[in-house]
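Q: Handing over data.pdb, PDB, C-alpha atoms.
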```
ATOM      1  CA  MET A   5      77.640 157.297  47.596
ATOM      2  CA  ASP A   6      75.346 157.587  50.606
ATOM      3  CA  ILE A   7      74.385 154.718  52.868
ATOM      4  CA  VAL A   8      71.020 153.500  51.625
ATOM      5  CA  PRO A   9      68.065 152.210  53.661
ATOM      6  CA  SER A  10      68.120 148.522  54.625
ATOM      7  CA  SER A  11      65.342 147.730  52.147
ATOM      8  CA  ASP A  12      67.653 148.753  49.317
ATOM      9  CA  TYR A  13      70.996 147.496  50.662
ATOM     10  CA  SER A  14      71.826 145.212  47.749
ATOM     11  CA  THR A  15      70.419 147.133  44.810
ATOM     12  CA  PRO A  16      72.756 148.598  42.162
ATOM     13  CA  SER A  17      71.994 152.179  41.285
ATOM     14  CA  GLY A  18      69.102 152.584  38.904
ATOM     15  CA  SER A  19      68.036 148.923  39.036
ATOM     16  CA  GLY A  20      64.895 149.251  41.147
ATOM     17  CA  SER A  21      64.099 146.715  43.836
ATOM     18  CA  ALA A  22      66.520 144.391  45.604
ATOM     19  CA  GLU A  23      65.164 141.522  43.499
ATOM     20  CA  ALA A  24      67.048 143.052  40.562
ATOM     21  CA  ALA A  25      70.387 142.657  42.366
ATOM     22  CA  PRO A  26      71.620 139.629  40.370
ATOM     23  CA  ARG A  27      71.524 141.691  37.169
ATOM     24  CA  GLY A  28      73.199 144.844  35.967
ATOM     25  CA  TRP A  29      76.154 145.538  38.250
ATOM     26  CA  ARG A  30      78.689 147.646  36.397
ATOM     27  CA  THR A  31      82.369 147.948  37.215
ATOM     28  CA  GLU A  32      81.886 151.649  38.006
ATOM     29  CA  GLU A  33      79.176 150.834  40.557
ATOM     30  CA  VAL A  34      81.380 148.322  42.346
ATOM     31  CA  GLU A  35      84.267 150.815  42.243
ATOM     32  CA  ALA A  36      81.973 153.286  43.982
ATOM     33  CA  LEU A  37      81.357 150.720  46.719
ATOM     34  CA  TYR A  38      85.097 150.213  47.153
ATOM     35  CA  ALA A  39      85.538 153.974  47.452
ATOM     36  CA  LEU A  40      83.100 154.358  50.360
ATOM     37  CA  PRO A  41      84.578 155.230  53.752
ATOM     38  CA  PHE A  42      85.488 151.913  55.347
ATOM     39  CA  SER A  43      82.944 152.185  58.144
ATOM     40  CA  ALA A  44      80.139 153.029  55.707
ATOM     41  CA  LEU A  45      81.026 150.116  53.425
ATOM     42  CA  ILE A  46      81.226 147.602  56.281
ATOM     43  CA  TYR A  47      77.989 148.894  57.812
ATOM     44  CA  ARG A  48      76.190 148.516  54.507
ATOM     45  CA  ALA A  49      77.623 145.052  53.851
ATOM     46  CA  HIS A  50      76.713 143.832  57.327
ATOM     47  CA  GLY A  51      73.144 145.021  56.825
ATOM     48  CA  VAL A  52      72.872 142.977  53.626
ATOM     49  CA  HIS A  53      74.445 139.999  55.358
ATOM     50  CA  ARG A  54      72.103 140.122  58.339
ATOM     51  CA  ALA A  55      69.068 140.525  56.063
ATOM     52  CA  HIS A  56      69.816 137.258  54.235
ATOM     53  CA  HIS A  57      71.868 135.073  56.586
ATOM     54  CA  ASP A  58      72.424 134.098  60.197
ATOM     55  CA  ALA A  59      75.196 136.590  60.940
ATOM     56  CA  ASP A  60      76.646 134.451  63.746
ATOM     57  CA  ALA A  61      76.943 131.179  61.821
ATOM     58  CA  VAL A  62      79.808 130.039  59.589
ATOM     59  CA  GLN A  63      79.769 126.994  57.332
ATOM     60  CA  LEU A  64      82.837 124.812  57.809
ATOM     61  CA  ALA A  65      84.137 123.222  54.616
ATOM     62  CA  THR A  66      87.086 120.931  53.966
ATOM     63  CA  LEU A  67      88.958 120.791  50.664
ATOM     64  CA  LEU A  68      90.886 117.661  49.691
ATOM     65  CA  SER A  69      93.208 117.293  46.721
ATOM     66  CA  VAL A  70      92.175 113.991  45.146
ATOM     67  CA  LYS A  71      94.697 114.372  42.309
ATOM     68  CA  THR A  72      97.751 116.503  43.045
ATOM     69  CA  GLY A  73     100.330 118.008  40.687
ATOM     70  CA  GLY A  74     101.163 117.573  37.023
ATOM     71  CA  CYS A  75      98.598 120.037  35.690
ATOM     72  CA  PRO A  76      99.285 121.129  32.080
ATOM     73  CA  GLU A  77      97.853 124.624  32.599
ATOM     74  CA  ASP A  78     100.018 127.721  33.180
ATOM     75  CA  CYS A  79      98.018 129.527  35.914
ATOM     76  CA  ALA A  80     100.636 131.894  37.309
ATOM     77  CA  TYR A  81      99.507 131.407  40.908
ATOM     78  CA  CYS A  82      99.368 127.602  40.961
ATOM     79  CA  PRO A  83     102.060 125.369  42.502
ATOM     80  CA  GLN A  84     100.469 122.325  40.823
ATOM     81  CA  ALA A  85     101.342 123.428  37.281
ATOM     82  CA  ALA A  86     103.822 120.922  35.837
ATOM     83  CA  ARG A  87     105.892 123.682  34.197
ATOM     84  CA  TYR A  88     106.812 125.357  37.509
ATOM     85  CA  HIS A  89     109.372 124.027  39.989
ATOM     86  CA  THR A  90     107.550 124.286  43.291
ATOM     87  CA  GLY A  91     108.294 120.967  44.980
ATOM     88  CA  VAL A  92     104.783 119.627  44.356
ATOM     89  CA  ASP A  93     104.989 116.099  42.938
ATOM     90  CA  ASN A  94     102.672 114.594  40.348
ATOM     91  CA  GLU A  95     100.622 112.070  42.313
ATOM     92  CA  ASP A  96      98.074 109.442  41.338
ATOM     93  CA  VAL A  97      94.367 109.851  41.967
ATOM     94  CA  LEU A  98      93.445 108.920  45.526
ATOM     95  CA  SER A  99      91.452 105.774  46.163
ATOM     96  CA  VAL A 100      87.780 106.094  47.011
ATOM     97  CA  ASP A 101      88.520 104.581  50.422
ATOM     98  CA  ALA A 102      91.126 107.268  51.136
ATOM     99  CA  VAL A 103      88.690 110.024  50.177
ATOM    100  CA  VAL A 104      85.927 108.554  52.340
ATOM    101  CA  ALA A 105      88.325 108.315  55.283
ATOM    102  CA  ALA A 106      89.248 111.990  54.846
ATOM    103  CA  ALA A 107      85.573 112.945  54.548
ATOM    104  CA  ARG A 108      84.701 111.056  57.738
ATOM    105  CA  ALA A 109      87.524 112.810  59.591
ATOM    106  CA  ALA A 110      86.377 116.206  58.302
ATOM    107  CA  GLN A 111      82.813 115.461  59.351
ATOM    108  CA  ALA A 112      83.933 114.364  62.812
ATOM    109  CA  ASN A 113      85.785 117.662  63.094
ATOM    110  CA  GLY A 114      82.654 119.677  62.342
ATOM    111  CA  ALA A 115      82.755 120.187  58.563
ATOM    112  CA  THR A 116      79.426 119.998  56.726
ATOM    113  CA  ARG A 117      80.784 120.548  53.202
ATOM    114  CA  PHE A 118      83.452 118.408  51.526
ATOM    115  CA  CYS A 119      85.188 119.629  48.376
ATOM    116  CA  MET A 120      87.285 117.455  46.066
ATOM    117  CA  GLY A 121      89.856 119.081  43.782
ATOM    118  CA  ALA A 122      91.886 117.573  40.958
ATOM    119  CA  ALA A 123      94.824 119.116  39.088
ATOM    120  CA  TRP A 124      93.553 118.489  35.576
ATOM    121  CA  ARG A 125      92.811 120.658  32.578
ATOM    122  CA  GLY A 126      89.627 118.625  32.627
ATOM    123  CA  PRO A 127      88.733 115.030  33.520
ATOM    124  CA  LYS A 128      88.968 112.227  30.979
ATOM    125  CA  PRO A 129      86.040 109.776  31.006
ATOM    126  CA  ARG A 130      87.899 107.123  33.027
ATOM    127  CA  GLU A 131      89.093 109.781  35.492
ATOM    128  CA  LEU A 132      85.593 111.115  35.926
ATOM    129  CA  GLU A 133      84.314 107.615  36.765
ATOM    130  CA  ARG A 134      86.581 107.538  39.830
ATOM    131  CA  VAL A 135      85.353 110.968  40.909
ATOM    132  CA  LEU A 136      81.733 109.899  40.497
ATOM    133  CA  GLU A 137      82.398 107.057  42.939
ATOM    134  CA  MET A 138      83.882 109.571  45.393
ATOM    135  CA  VAL A 139      80.889 111.882  45.090
ATOM    136  CA  ARG A 140      78.426 109.065  45.748
ATOM    137  CA  ALA A 141      80.383 107.853  48.765
ATOM    138  CA  VAL A 142      80.819 111.310  50.322
ATOM    139  CA  ARG A 143      77.175 112.217  49.714
ATOM    140  CA  ALA A 144      76.155 109.008  51.479
ATOM    141  CA  LEU A 145      77.829 110.354  54.625
ATOM    142  CA  GLY A 146      75.401 113.288  54.641
ATOM    143  CA  LEU A 147      77.980 115.879  53.630
ATOM    144  CA  GLU A 148      77.377 118.613  51.063
ATOM    145  CA  THR A 149      79.560 117.770  48.070
ATOM    146  CA  CYS A 150      81.610 119.996  45.796
ATOM    147  CA  ALA A 151      84.137 119.207  43.075
ATOM    148  CA  THR A 152      86.646 121.282  41.127
ATOM    149  CA  LEU A 153      87.988 119.304  38.195
ATOM    150  CA  GLY A 154      88.737 121.907  35.528
ATOM    151  CA  LEU A 155      86.969 122.240  32.188
ATOM    152  CA  LEU A 156      84.062 119.875  31.601
ATOM    153  CA  ARG A 157      83.174 118.097  28.369
ATOM    154  CA  PRO A 158      79.566 117.889  27.159
ATOM    155  CA  GLY A 159      77.614 115.426  29.286
ATOM    156  CA  GLN A 160      80.020 115.362  32.212
ATOM    157  CA  ALA A 161      78.046 117.868  34.290
ATOM    158  CA  GLU A 162      74.993 115.636  33.958
ATOM    159  CA  GLN A 163      77.028 112.658  35.156
ATOM    160  CA  LEU A 164      78.153 114.614  38.200
ATOM    161  CA  ARG A 165      74.580 115.690  38.887
ATOM    162  CA  ASP A 166      73.332 112.117  38.694
ATOM    163  CA  ALA A 167      76.042 111.029  41.148
ATOM    164  CA  GLY A 168      74.689 113.564  43.640
ATOM    165  CA  LEU A 169      77.111 116.491  43.309
ATOM    166  CA  ASP A 170      75.739 119.586  45.015
ATOM    167  CA  TYR A 171      78.235 122.227  43.797
ATOM    168  CA  TYR A 172      80.798 122.547  41.035
ATOM    169  CA  ASN A 173      83.632 125.014  41.578
ATOM    170  CA  HIS A 174      85.163 126.807  38.626
ATOM    171  CA  ASN A 175      86.514 130.271  39.369
ATOM    172  CA  LEU A 176      86.733 133.173  36.945
ATOM    173  CA  ASP A 177      89.977 134.013  38.796
ATOM    174  CA  THR A 178      90.251 137.676  37.826
ATOM    175  CA  ALA A 179      88.836 140.473  35.679
ATOM    176  CA  PRO A 180      88.487 139.797  31.942
ATOM    177  CA  GLU A 181      91.026 142.514  31.103
ATOM    178  CA  PHE A 182      93.628 141.067  33.497
ATOM    179  CA  TYR A 183      92.998 137.397  32.821
ATOM    180  CA  GLY A 184      95.592 137.082  30.042
ATOM    181  CA  GLU A 185      98.300 138.249  32.442
ATOM    182  CA  ILE A 186      97.600 135.265  34.689
ATOM    183  CA  ILE A 187      96.555 132.392  32.393
ATOM    184  CA  ARG A 188      97.262 131.751  28.716
ATOM    185  CA  THR A 189      96.441 128.054  28.283
ATOM    186  CA  ARG A 190      92.675 128.591  28.494
ATOM    187  CA  THR A 191      90.431 131.596  28.118
ATOM    188  CA  GLN A 192      87.905 133.001  30.513
ATOM    189  CA  GLY A 193      85.349 132.100  27.857
ATOM    190  CA  ASP A 194      86.315 128.441  28.346
ATOM    191  CA  ARG A 195      85.559 128.849  32.046
ATOM    192  CA  LEU A 196      82.205 130.473  31.335
ATOM    193  CA  ASP A 197      81.301 127.597  29.019
ATOM    194  CA  THR A 198      81.901 125.083  31.818
ATOM    195  CA  LEU A 199      79.817 127.216  34.188
ATOM    196  CA  ARG A 200      76.966 127.204  31.665
ATOM    197  CA  GLN A 201      77.111 123.413  31.468
ATOM    198  CA  VAL A 202      77.037 123.163  35.252
ATOM    199  CA  ARG A 203      74.095 125.535  35.542
ATOM    200  CA  ASP A 204      72.173 123.809  32.736
ATOM    201  CA  ALA A 205      72.667 120.447  34.489
ATOM    202  CA  GLY A 206      71.045 121.812  37.630
ATOM    203  CA  ILE A 207      74.181 121.776  39.806
ATOM    204  CA  HIS A 208      74.800 124.745  42.085
ATOM    205  CA  VAL A 209      77.626 127.021  40.957
ATOM    206  CA  CYS A 210      80.645 127.806  43.133
ATOM    207  CA  CYS A 211      82.580 130.584  41.411
ATOM    208  CA  GLY A 212      84.827 133.349  42.692
ATOM    209  CA  GLY A 213      88.330 134.606  42.187
ATOM    210  CA  ILE A 214      91.757 135.465  43.526
ATOM    211  CA  VAL A 215      92.914 138.912  44.595
ATOM    212  CA  GLY A 216      96.409 140.110  45.363
ATOM    213  CA  MET A 217      97.827 139.009  42.005
ATOM    214  CA  GLY A 218      98.960 142.505  41.038
ATOM    215  CA  GLU A 219      95.594 143.642  39.729
ATOM    216  CA  THR A 220      94.273 147.165  40.225
ATOM    217  CA  ARG A 221      91.270 148.088  42.343
ATOM    218  CA  ARG A 222      89.289 148.656  39.150
ATOM    219  CA  GLN A 223      90.143 145.122  38.055
ATOM    220  CA  ARG A 224      89.010 143.754  41.421
ATOM    221  CA  ALA A 225      85.775 145.697  40.969
ATOM    222  CA  ALA A 226      85.411 144.291  37.444
ATOM    223  CA  LEU A 227      85.722 140.736  38.772
ATOM    224  CA  ILE A 228      83.042 141.310  41.416
ATOM    225  CA  ALA A 229      80.782 143.000  38.848
ATOM    226  CA  GLN A 230      81.204 140.085  36.449
ATOM    227  CA  LEU A 231      80.360 137.523  39.128
ATOM    228  CA  ALA A 232      77.363 139.519  40.355
ATOM    229  CA  SER A 233      76.042 139.930  36.809
ATOM    230  CA  LEU A 234      75.968 136.208  36.025
ATOM    231  CA  ASP A 235      72.348 135.154  35.637
ATOM    232  CA  PRO A 236      71.851 133.961  38.301
ATOM    233  CA  TYR A 237      74.889 134.896  40.334
ATOM    234  CA  PRO A 238      76.747 131.962  41.969
ATOM    235  CA  GLU A 239      75.272 130.385  45.076
ATOM    236  CA  SER A 240      78.818 130.077  46.424
ATOM    237  CA  VAL A 241      81.522 132.731  45.982
ATOM    238  CA  PRO A 242      85.044 131.895  47.203
ATOM    239  CA  ILE A 243      87.291 134.932  47.651
ATOM    240  CA  ASN A 244      90.946 133.889  47.689
ATOM    241  CA  ASN A 245      93.904 135.999  48.758
ATOM    242  CA  LEU A 246      96.965 134.962  46.752
ATOM    243  CA  VAL A 247      99.159 132.408  48.522
ATOM    244  CA  GLN A 248     102.603 133.018  47.116
ATOM    245  CA  VAL A 249     104.552 129.845  46.388
ATOM    246  CA  GLU A 250     108.214 130.003  45.412
ATOM    247  CA  GLY A 251     108.664 128.820  41.846
ATOM    248  CA  THR A 252     105.409 130.300  40.531
ATOM    249  CA  PRO A 253     105.502 133.460  38.379
ATOM    250  CA  LEU A 254     103.559 135.445  40.995
ATOM    251  CA  TYR A 255     106.015 134.727  43.786
ATOM    252  CA  GLY A 256     107.265 138.081  45.085
ATOM    253  CA  THR A 257     104.114 140.019  44.134
ATOM    254  CA  ALA A 258     103.395 142.857  46.549
ATOM    255  CA  PRO A 259     100.754 141.587  49.003
ATOM    256  CA  LEU A 260      97.298 143.106  48.968
ATOM    257  CA  ASP A 261      96.525 145.567  51.745
ATOM    258  CA  GLU A 262      94.471 143.875  54.479
ATOM    259  CA  ILE A 263      91.759 146.552  54.501
ATOM    260  CA  GLU A 264      91.459 146.271  50.723
ATOM    261  CA  PHE A 265      90.812 142.549  51.087
ATOM    262  CA  VAL A 266      88.047 143.202  53.629
ATOM    263  CA  ARG A 267      86.576 145.747  51.202
ATOM    264  CA  THR A 268      86.492 142.993  48.565
ATOM    265  CA  ILE A 269      84.525 140.707  50.891
ATOM    266  CA  ALA A 270      82.094 143.549  51.588
ATOM    267  CA  CYS A 271      81.603 144.286  47.888
ATOM    268  CA  ALA A 272      80.950 140.605  47.186
ATOM    269  CA  ARG A 273      78.330 140.508  49.938
ATOM    270  CA  ILE A 274      76.522 143.656  48.795
ATOM    271  CA  THR A 275      76.394 142.628  45.141
ATOM    272  CA  MET A 276      75.519 138.947  45.777
ATOM    273  CA  PRO A 277      73.354 139.142  48.894
ATOM    274  CA  LYS A 278      72.111 135.554  49.056
ATOM    275  CA  ALA A 279      75.379 133.836  48.123
ATOM    276  CA  VAL A 280      77.605 132.035  50.581
ATOM    277  CA  VAL A 281      80.769 134.151  50.548
ATOM    278  CA  ARG A 282      83.703 131.864  51.287
ATOM    279  CA  LEU A 283      86.823 133.160  52.998
ATOM    280  CA  SER A 284      89.188 130.857  51.161
ATOM    281  CA  ALA A 285      92.910 130.666  50.336
ATOM    282  CA  GLY A 286      95.335 132.906  52.177
ATOM    283  CA  ARG A 287      93.623 132.709  55.532
ATOM    284  CA  SER A 288      96.663 131.197  57.280
ATOM    285  CA  ALA A 289      98.452 134.543  56.870
ATOM    286  CA  MET A 290      95.488 136.644  58.013
ATOM    287  CA  PRO A 291      95.457 138.075  61.538
ATOM    288  CA  GLU A 292      92.421 137.000  63.520
ATOM    289  CA  THR A 293      91.232 140.613  63.689
ATOM    290  CA  MET A 294      91.209 140.714  59.883
ATOM    291  CA  GLN A 295      89.210 137.489  59.731
ATOM    292  CA  ALA A 296      86.730 138.921  62.247
ATOM    293  CA  LEU A 297      86.240 141.958  59.995
ATOM    294  CA  CYS A 298      85.660 139.640  57.041
ATOM    295  CA  PHE A 299      82.933 137.808  58.968
ATOM    296  CA  PHE A 300      81.307 141.111  59.868
ATOM    297  CA  ALA A 301      81.532 142.237  56.235
ATOM    298  CA  GLY A 302      79.673 139.150  55.047
ATOM    299  CA  ALA A 303      81.953 136.108  54.814
ATOM    300  CA  ASN A 304      80.033 133.102  56.115
ATOM    301  CA  SER A 305      82.115 130.085  55.201
ATOM    302  CA  ILE A 306      85.717 129.012  55.745
ATOM    303  CA  PHE A 307      87.826 126.100  54.601
ATOM    304  CA  TYR A 308      88.602 124.112  57.693
ATOM    305  CA  GLY A 309      91.622 121.870  58.238
ATOM    306  CA  ASP A 310      95.392 122.051  58.050
ATOM    307  CA  LYS A 311      95.740 122.062  54.251
ATOM    308  CA  LEU A 312      94.009 123.755  51.322
ATOM    309  CA  LEU A 313      94.916 121.533  48.347
ATOM    310  CA  THR A 314      98.718 121.948  48.631
ATOM    311  CA  THR A 315      99.113 125.070  50.775
ATOM    312  CA  GLY A 316      98.769 125.596  54.510
ATOM    313  CA  ASN A 317      95.526 126.469  56.272
ATOM    314  CA  PRO A 318      94.791 127.322  59.920
ATOM    315  CA  GLU A 319      94.406 124.271  62.140
ATOM    316  CA  ALA A 320      90.856 123.261  63.052
ATOM    317  CA  ALA A 321      91.450 123.843  66.782
ATOM    318  CA  ARG A 322      92.628 127.393  66.089
ATOM    319  CA  ASP A 323      89.502 128.077  64.022
ATOM    320  CA  ARG A 324      87.208 126.694  66.698
ATOM    321  CA  ALA A 325      88.896 128.896  69.276
ATOM    322  CA  LEU A 326      88.496 131.979  67.062
ATOM    323  CA  LEU A 327      84.804 131.326  66.448
ATOM    324  CA  ALA A 328      84.272 130.826  70.181
ATOM    325  CA  ARG A 329      85.993 134.129  70.978
ATOM    326  CA  LEU A 330      83.748 135.877  68.450
ATOM    327  CA  GLY A 331      80.604 134.250  69.813
ATOM    328  CA  MET A 332      80.058 132.553  66.464
ATOM    329  CA  ARG A 333      79.182 128.941  65.747
ATOM    330  CA  ALA A 334      79.451 126.360  63.026
ATOM    331  CA  GLN A 335      76.436 126.227  60.752
ATOM    332  CA  ALA A 336      74.328 123.104  61.099
ATOM    333  CA  PRO A 337      74.173 120.648  58.166
ATOM    334  CA  ALA A 338      71.571 121.589  55.562
ATOM    335  CA  ARG A 339      69.354 118.642  56.486
ATOM    336  CA  GLU A 340      69.093 119.976  60.068
ATOM    337  CA  ARG A 341      68.314 123.586  59.195
TER
END
```
Please re-express this file's structure in structure tokens.
A:
Amino acid sequence: MDIVPSSDYSTPSGSGSAEAAPRGWRTEEVEALYALPFSALIYRAHGVHRAHHDADAVQLATLLSVKTGGCPEDCAYCPQAARYHTGVDNEDVLSVDAVVAAARAAQANGATRFCMGAAWRGPKPRELERVLEMVRAVRALGLETCATLGLLRPGQAEQLRDAGLDYYNHNLDTAPEFYGEIIRTRTQGDRLDTLRQVRDAGIHVCCGGIVGMGETRRQRAALIAQLASLDPYPESVPINNLVQVEGTPLYGTAPLDEIEFVRTIACARITMPKAVVRLSAGRSAMPETMQALCFFAGANSIFYGDKLLTTGNPEAARDRALLARLGMRAQAPARER
């Protein structure tokens, strides 16, 4: 596949103009992107990135676990699943005051987006009421709000919208053909149903996946193709590199090659040109040179702070130092842009 002109950077083959990019990406087309020489792929991805985003700005987001442990699901990567012995305790839902305090601290440290995650299959009505209070309080601080609460029941997305939620996160996790190897307690169709409810309610969609779980390159390509072919594709696309936790079924999986991970970021950027591509879990184990390549390839958001739900994350001071060395800066809050 040749490098195409900048006016056609994000267009799948045979689809016409770049406006057609959200539709029609096939697994084979994304595989062809993966197969490009590394320099050609990164060059192409950076062109798409620069055409749609400020290439020197990164959104800083903080993710807080508002309900930790005790999840009934069997996601093979997750230390919060009750069935695995990982040392993560089942904790009560945090108070609204505790969440607001964490949000204020994140904001003072430069974060403009605050994400709240709960280890549930899906929230019960009384549980959702507590989250709605959190969303209202965090939104009042001027932060962009996101929640990841599992599967939603009819009407719950509308409640979250009315409380002021900006984004709902619900990842597809992996390719349809590999999904059953990772999760058996809910189908990918269940996830897609929740995404439809979120989209219909008018909430922005945050949806990505995890790589490094033993999938093949074709399966990574199939995940990216599936995300890019959602209509519309997600506004926010977190790309996670598996964090291996002892006690989970995926502990001991061979780690994904670093260059292959950067290729995944590049493919996400090319196929979803206007999305915020989030460099998410696994960053604490990434060399700074690898993170720099990810930024060049199109990643423009990181989770910021010393913990990502229950696993480690680079310290804020280390991230600020890295961005300064790269001549990059934190993106201003949406209301200031």
Q: Using all atoms listed in the file, I'd like a table of the residues in region 51-128 of chain A that come within 10 Å of region 163-181 of chain A; for each, show the closest atom pair and its distance in Å rounded to one decimal, ordered by chain and ascending number, as a tab-separated table.
A:
```
residue	atom	partner	partner_atom	distance
A:Cys79	CA	A:Asp177	CA	9.6
A:Arg117	CA	A:Asp170	CA	9.7
A:Cys119	CA	A:Tyr171	CA	8.7
A:Met120	CA	A:Asn173	CA	9.5
A:Gly121	CA	A:Asn173	CA	8.9
```
Q: Could you spell out the hits of the PyMOL selection byres ((chain A and resi 249) around 10) on the shown file, as a ChimeraX atom specification?
A: /A:81-83,89-91,246-248,250-256,315
Q: On this structure, the PyMOL selection byres ((chain A and resi 280) around 8) would catch which residues? List them as a PyMOL selection string, sorted by chain and number.
A: chain A and resi 239-241+278-279+281-282+303-305
Q: Translate the PyMOL selection byres ((chain A and resi 227) around 12), as applied to the file shown, into an explicit residue set as a PyMOL selection string.
A: chain A and resi 29-32+34-35+175-183+192+211-215+219-226+228-234+241+243+268+271-272+275
Q: Of the residues A:Arg203, A:Leu64, A:Asp78, A:Ala334, which is the one nearest to Gly184 (chain A), using all atoms listed in the file?
A: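 Closest residue, counting all atoms listed in the file: A:Asp78.
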Q: Counting all atoms listed in the file, which residues of region 152-237 of chain A sit at most 6 Å from some atom of region 122-139 of chain A, and what is each one's closest atom pair with its distance in Å to one decimal, listed by chain and rising residue number, as a tab-separated table?
A:
```
residue	atom	partner	partner_atom	distance
A:Leu153	CA	A:Ala122	CA	5.1
A:Gly154	CA	A:Gly126	CA	4.5
A:Leu155	CA	A:Gly126	CA	4.5
A:Leu156	CA	A:Gly126	CA	5.8
A:Ala167	CA	A:Leu136	CA	5.8
```
Q: May I have the residues within 12 Å of Met294 (chain A) as a short mmCIF file (atom, residue, chain, number, x, y, z; two decimals) with C-alpha atoms, in the frame of the given file, using all atoms listed in the file and disregarding those fewer than 6 positions away in the same chain?
A:
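part_8.cif, written as the output of this step:
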```
data_model
loop_
_atom_site.label_atom_id
_atom_site.label_comp_id
_atom_site.auth_asym_id
_atom_site.auth_seq_id
_atom_site.Cartn_x
_atom_site.Cartn_y
_atom_site.Cartn_z
CA ASP A 261 96.52 145.57 51.74
CA GLU A 262 94.47 143.88 54.48
CA ILE A 263 91.76 146.55 54.50
CA GLU A 264 91.46 146.27 50.72
CA PHE A 265 90.81 142.55 51.09
CA VAL A 266 88.05 143.20 53.63
CA ARG A 267 86.58 145.75 51.20
CA ILE A 269 84.52 140.71 50.89
CA LEU A 283 86.82 133.16 53.00
CA GLY A 286 95.34 132.91 52.18
CA ARG A 287 93.62 132.71 55.53
CA SER A 288 96.66 131.20 57.28
CA PHE A 300 81.31 141.11 59.87
CA ALA A 301 81.53 142.24 56.24
CA ALA A 303 81.95 136.11 54.81
CA LEU A 326 88.50 131.98 67.06
#
```
Q: Around all of region 234-246 of chain A's listed atoms, make the axis-aligned box with 4 Å on each side and tell me centre and edge lengths in Å to one decimal, as JSON.
A:
```
{"center_x": 84.4, "center_y": 133.1, "center_z": 42.2, "size_x": 33.1, "size_y": 14.1, "size_z": 21.1}
```
Q: With distances taken over only C-alpha atoms, which of A:Gln63, A:Asp101, A:Glu33, A:Gln201 is nearest to Leu327 (chain A)?
A: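 Ranking A:Gln63, A:Asp101, A:Glu33, A:Gln201 by distance to Leu327 (chain A), first place goes to A:Gln63.
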